[in-house]
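Below is the file data21.txt, which contains compact mmCIF, N, CA and C atoms.
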```txt
# COMPACT_ATOMS: atom_id res chain seq x y z
N THR A 1 0.85 -1.18 0.00
CA THR A 1 0.00 0.00 0.00
C THR A 1 0.89 1.23 0.00
N LYS A 2 0.50 2.26 -0.73
CA LYS A 2 1.30 3.46 -0.74
C LYS A 2 0.43 4.69 -0.79
N VAL A 3 1.02 5.80 -0.45
CA VAL A 3 0.32 7.08 -0.49
C VAL A 3 1.29 8.12 -1.02
N GLY A 4 1.02 8.69 -2.17
CA GLY A 4 1.80 9.79 -2.69
C GLY A 4 3.20 9.45 -3.17
N GLY A 5 3.76 8.34 -2.80
CA GLY A 5 5.11 7.98 -3.20
C GLY A 5 5.12 6.74 -4.05
N THR A 6 6.29 6.17 -4.19
CA THR A 6 6.42 4.99 -5.04
C THR A 6 6.77 3.74 -4.25
N GLU A 7 7.09 3.88 -2.99
CA GLU A 7 7.46 2.73 -2.16
C GLU A 7 6.29 2.26 -1.32
N PRO A 8 6.15 0.95 -1.15
CA PRO A 8 5.10 0.45 -0.24
C PRO A 8 5.32 1.00 1.17
N ILE A 9 4.22 1.33 1.86
CA ILE A 9 4.35 1.91 3.20
C ILE A 9 3.82 1.01 4.30
N GLY A 10 3.00 0.02 3.97
CA GLY A 10 2.42 -0.81 5.02
C GLY A 10 1.66 -1.98 4.45
N VAL A 11 0.95 -2.67 5.32
CA VAL A 11 0.19 -3.86 4.95
C VAL A 11 -1.29 -3.57 5.20
N THR A 12 -2.12 -3.79 4.19
CA THR A 12 -3.55 -3.54 4.29
C THR A 12 -4.27 -4.84 4.62
N LYS A 13 -5.21 -4.75 5.56
CA LYS A 13 -5.98 -5.94 5.92
C LYS A 13 -7.38 -5.53 6.34
N GLY A 14 -8.31 -6.44 6.14
CA GLY A 14 -9.68 -6.22 6.58
C GLY A 14 -9.82 -6.52 8.06
N GLU A 15 -10.74 -5.83 8.70
CA GLU A 15 -10.99 -6.03 10.12
C GLU A 15 -12.40 -6.57 10.31
N PHE A 16 -12.56 -7.88 10.34
CA PHE A 16 -13.83 -8.54 10.60
C PHE A 16 -14.92 -8.12 9.62
N GLY A 17 -14.54 -7.78 8.38
CA GLY A 17 -15.51 -7.39 7.37
C GLY A 17 -16.15 -6.04 7.60
N LEU A 18 -15.66 -5.29 8.58
CA LEU A 18 -16.27 -4.01 8.93
C LEU A 18 -15.45 -2.81 8.50
N SER A 19 -14.14 -2.94 8.48
CA SER A 19 -13.28 -1.82 8.14
C SER A 19 -12.00 -2.34 7.52
N VAL A 20 -11.18 -1.40 7.03
CA VAL A 20 -9.89 -1.74 6.46
C VAL A 20 -8.82 -0.95 7.22
N VAL A 21 -7.75 -1.65 7.60
CA VAL A 21 -6.66 -1.03 8.36
C VAL A 21 -5.36 -1.24 7.61
N VAL A 22 -4.52 -0.21 7.61
CA VAL A 22 -3.16 -0.32 7.08
C VAL A 22 -2.23 -0.32 8.28
N ASP A 23 -1.50 -1.43 8.46
CA ASP A 23 -0.59 -1.62 9.60
C ASP A 23 0.86 -1.52 9.14
N LEU A 24 1.75 -1.51 10.11
CA LEU A 24 3.20 -1.57 9.90
C LEU A 24 3.73 -0.41 9.05
N ILE A 25 3.16 0.77 9.24
CA ILE A 25 3.64 1.97 8.55
C ILE A 25 4.77 2.56 9.41
N PRO A 26 5.97 2.71 8.86
CA PRO A 26 7.06 3.28 9.66
C PRO A 26 6.71 4.68 10.16
N GLN A 27 7.21 5.03 11.34
CA GLN A 27 6.95 6.35 11.91
C GLN A 27 7.55 7.46 11.05
N THR A 28 8.51 7.13 10.19
CA THR A 28 9.14 8.14 9.33
C THR A 28 8.24 8.55 8.16
N VAL A 29 7.17 7.80 7.91
CA VAL A 29 6.24 8.12 6.83
C VAL A 29 5.22 9.13 7.34
N ALA A 30 5.16 10.28 6.67
CA ALA A 30 4.19 11.32 7.04
C ALA A 30 2.85 10.95 6.43
N ILE A 31 1.90 10.62 7.26
CA ILE A 31 0.56 10.24 6.79
C ILE A 31 -0.46 10.98 7.63
N GLN A 32 -1.55 11.40 6.99
CA GLN A 32 -2.56 12.17 7.72
C GLN A 32 -3.94 11.84 7.20
N GLU A 33 -4.95 12.23 7.96
CA GLU A 33 -6.33 12.00 7.55
C GLU A 33 -6.57 12.66 6.20
N GLY A 34 -7.29 11.95 5.33
CA GLY A 34 -7.59 12.45 4.00
C GLY A 34 -6.65 11.94 2.92
N ASP A 35 -5.49 11.37 3.30
CA ASP A 35 -4.57 10.80 2.31
C ASP A 35 -5.23 9.63 1.60
N ILE A 36 -4.93 9.46 0.32
CA ILE A 36 -5.47 8.37 -0.48
C ILE A 36 -4.49 7.20 -0.47
N ILE A 37 -5.00 6.01 -0.21
CA ILE A 37 -4.18 4.79 -0.19
C ILE A 37 -4.46 4.00 -1.47
N ILE A 38 -3.39 3.65 -2.19
CA ILE A 38 -3.53 2.85 -3.41
C ILE A 38 -2.67 1.60 -3.30
N SER A 39 -2.99 0.59 -4.12
CA SER A 39 -2.23 -0.65 -4.08
C SER A 39 -0.87 -0.44 -4.74
N SER A 40 0.14 -1.09 -4.19
CA SER A 40 1.52 -0.91 -4.66
C SER A 40 1.88 -1.85 -5.80
N GLY A 41 1.13 -2.95 -5.97
CA GLY A 41 1.49 -3.95 -6.96
C GLY A 41 2.54 -4.91 -6.44
N PHE A 42 2.86 -4.82 -5.17
CA PHE A 42 3.87 -5.68 -4.56
C PHE A 42 3.43 -7.14 -4.56
N GLU A 43 2.13 -7.37 -4.43
CA GLU A 43 1.57 -8.72 -4.51
C GLU A 43 1.23 -9.02 -5.97
N ASN A 44 1.55 -10.21 -6.42
CA ASN A 44 1.31 -10.58 -7.82
C ASN A 44 -0.17 -10.57 -8.18
N GLU A 45 -1.04 -10.91 -7.23
CA GLU A 45 -2.46 -11.05 -7.52
C GLU A 45 -3.22 -9.72 -7.48
N ILE A 46 -2.58 -8.65 -7.03
CA ILE A 46 -3.25 -7.37 -6.88
C ILE A 46 -2.57 -6.34 -7.77
N ALA A 47 -3.33 -5.74 -8.67
CA ALA A 47 -2.78 -4.77 -9.62
C ALA A 47 -2.28 -3.51 -8.90
N GLN A 48 -1.31 -2.86 -9.49
CA GLN A 48 -0.78 -1.61 -8.96
C GLN A 48 -1.71 -0.46 -9.29
N GLY A 49 -1.85 0.47 -8.37
CA GLY A 49 -2.59 1.71 -8.63
C GLY A 49 -4.08 1.65 -8.36
N LEU A 50 -4.58 0.59 -7.76
CA LEU A 50 -6.00 0.53 -7.42
C LEU A 50 -6.26 1.36 -6.16
N VAL A 51 -7.24 2.23 -6.21
CA VAL A 51 -7.56 3.06 -5.04
C VAL A 51 -8.26 2.19 -4.00
N LEU A 52 -7.65 2.10 -2.83
CA LEU A 52 -8.22 1.28 -1.75
C LEU A 52 -9.11 2.10 -0.83
N GLY A 53 -8.80 3.37 -0.66
CA GLY A 53 -9.62 4.21 0.19
C GLY A 53 -8.89 5.44 0.66
N LYS A 54 -9.53 6.14 1.59
CA LYS A 54 -9.00 7.38 2.14
C LYS A 54 -8.81 7.21 3.65
N VAL A 55 -7.69 7.72 4.15
CA VAL A 55 -7.40 7.63 5.58
C VAL A 55 -8.43 8.47 6.34
N ASN A 56 -9.14 7.81 7.26
CA ASN A 56 -10.12 8.55 8.06
C ASN A 56 -9.74 8.63 9.53
N ARG A 57 -8.74 7.82 9.94
CA ARG A 57 -8.36 7.85 11.36
C ARG A 57 -6.96 7.26 11.53
N ILE A 58 -6.13 7.92 12.30
CA ILE A 58 -4.82 7.40 12.64
C ILE A 58 -4.97 6.67 13.98
N LEU A 59 -4.56 5.41 14.00
CA LEU A 59 -4.81 4.54 15.15
C LEU A 59 -3.62 4.42 16.10
N SER A 60 -2.48 5.00 15.76
CA SER A 60 -1.27 4.84 16.56
C SER A 60 -0.87 6.14 17.23
N LYS A 61 0.00 6.01 18.21
CA LYS A 61 0.54 7.16 18.92
C LYS A 61 1.99 7.40 18.48
N ASP A 62 2.49 8.59 18.72
CA ASP A 62 3.84 8.96 18.29
C ASP A 62 4.93 8.04 18.85
N ASN A 63 4.74 7.49 20.04
CA ASN A 63 5.78 6.66 20.64
C ASN A 63 5.69 5.19 20.23
N ASP A 64 4.71 4.80 19.40
CA ASP A 64 4.62 3.43 18.90
C ASP A 64 5.72 3.18 17.88
N LEU A 65 6.13 1.93 17.73
CA LEU A 65 7.17 1.57 16.76
C LEU A 65 6.69 1.80 15.33
N PHE A 66 5.42 1.45 15.05
CA PHE A 66 4.83 1.64 13.74
C PHE A 66 3.52 2.40 13.87
N GLN A 67 3.06 2.95 12.76
CA GLN A 67 1.77 3.61 12.69
C GLN A 67 0.74 2.65 12.10
N SER A 68 -0.51 2.86 12.41
CA SER A 68 -1.64 2.17 11.79
C SER A 68 -2.69 3.21 11.48
N VAL A 69 -3.40 3.01 10.37
CA VAL A 69 -4.49 3.92 10.02
C VAL A 69 -5.70 3.13 9.58
N SER A 70 -6.86 3.70 9.77
CA SER A 70 -8.11 3.13 9.28
C SER A 70 -8.46 3.86 7.99
N ILE A 71 -8.92 3.12 6.98
CA ILE A 71 -9.31 3.76 5.73
C ILE A 71 -10.76 3.42 5.40
N VAL A 72 -11.40 4.32 4.69
CA VAL A 72 -12.78 4.12 4.25
C VAL A 72 -12.80 4.19 2.73
N PRO A 73 -13.71 3.44 2.10
CA PRO A 73 -13.80 3.49 0.64
C PRO A 73 -14.18 4.89 0.17
N ILE A 74 -13.68 5.25 -1.00
CA ILE A 74 -14.03 6.53 -1.61
C ILE A 74 -15.39 6.41 -2.31
N VAL A 75 -15.72 5.19 -2.70
CA VAL A 75 -16.95 4.93 -3.44
C VAL A 75 -18.04 4.46 -2.49
N ASN A 76 -19.26 4.88 -2.73
CA ASN A 76 -20.42 4.35 -2.00
C ASN A 76 -20.85 3.07 -2.72
N TYR A 77 -20.50 1.93 -2.16
CA TYR A 77 -20.77 0.66 -2.83
C TYR A 77 -22.27 0.36 -2.95
N ASP A 78 -23.09 0.98 -2.15
CA ASP A 78 -24.54 0.77 -2.24
C ASP A 78 -25.13 1.39 -3.50
N SER A 79 -24.41 2.33 -4.12
CA SER A 79 -24.94 3.01 -5.30
C SER A 79 -24.34 2.52 -6.61
N LEU A 80 -23.53 1.46 -6.58
CA LEU A 80 -22.91 0.94 -7.80
C LEU A 80 -23.94 0.23 -8.67
N ASN A 81 -23.89 0.50 -9.97
CA ASN A 81 -24.75 -0.17 -10.93
C ASN A 81 -23.97 -1.10 -11.85
N LEU A 82 -22.69 -0.80 -12.05
CA LEU A 82 -21.86 -1.56 -12.98
C LEU A 82 -20.49 -1.74 -12.35
N VAL A 83 -19.97 -2.97 -12.41
CA VAL A 83 -18.66 -3.27 -11.84
C VAL A 83 -17.84 -3.99 -12.90
N SER A 84 -16.57 -3.64 -13.03
CA SER A 84 -15.67 -4.31 -13.95
C SER A 84 -14.70 -5.18 -13.14
N VAL A 85 -14.32 -6.30 -13.72
CA VAL A 85 -13.35 -7.19 -13.09
C VAL A 85 -12.06 -7.13 -13.88
N ILE A 86 -10.93 -6.91 -13.19
CA ILE A 86 -9.64 -6.83 -13.84
C ILE A 86 -8.97 -8.18 -13.73
N LEU A 87 -8.63 -8.76 -14.88
CA LEU A 87 -7.96 -10.07 -14.92
C LEU A 87 -6.54 -9.90 -15.40
N LYS A 88 -5.62 -10.63 -14.79
CA LYS A 88 -4.23 -10.61 -15.21
C LYS A 88 -4.05 -11.62 -16.33
N LYS A 89 -3.36 -11.24 -17.40
CA LYS A 89 -3.12 -12.17 -18.52
C LYS A 89 -1.97 -13.08 -18.24
```

In structure tokens, how does this file's structure come out?
Amino acid sequence: TKVGGTEPIGVTKGEFGLSVVVDLIPQTVAIQEGDIIISSGFENEIAQGLVLGKVNRILSKDNDLFQSVSIVPIVNYDSLNLVSVILKK
């Protein structure tokens, strides 16, 4: 997962189907509410550049070893009428 740069910044995971959290973000990475999180392409099965969501809450404190953030989708999934599936060749 990355924000604004080209290097992966953390690991994205779902939280009990209710939210999405990005963990293991180094404290040296400047991240704030409203930042957009996109996929890095580091995993073979996940394309690079997919928008995962927007940071809505920082879950860590300054003295923690790593930062964690909660992200929310940019899209209202309840209003989708058409969805495309991206397949890797």

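Residue nearest Ile31 in chain A, chosen from A:Val55, A:Leu80, A:Ile86, A:Ile74 and counting only N, CA and C atoms: A:Val55.
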
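CA of Asn81 in chain A is positioned 24.5 Å from atom N of Gly14 in chain A.
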
Would you give the centre and edge lengths, in Å to one decimal, of a box along x, y and z around the listed atoms of range 62-68 of chain A, with 4 Å added to each side, as JSON?
```
{"center_x": 2.2, "center_y": 5.2, "center_z": 16.1, "size_x": 17.9, "size_y": 15.5, "size_z": 17.2}
```

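If you look at CA of Ala47 in chain A and CA of Thr12 in chain A, they are 14.0 Å away from each other.
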
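The residue that comes closest to Ile71 in chain A, out of A:Ser39, A:Asn44, A:Asn56, A:Gln27 and on the basis of only C-alpha atoms, is A:Asn56.
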
Which distance in Å separates atom N of Asp23 in chain A and CA of Glu45 in chain A, to one decimal?
-> 18.7 Å
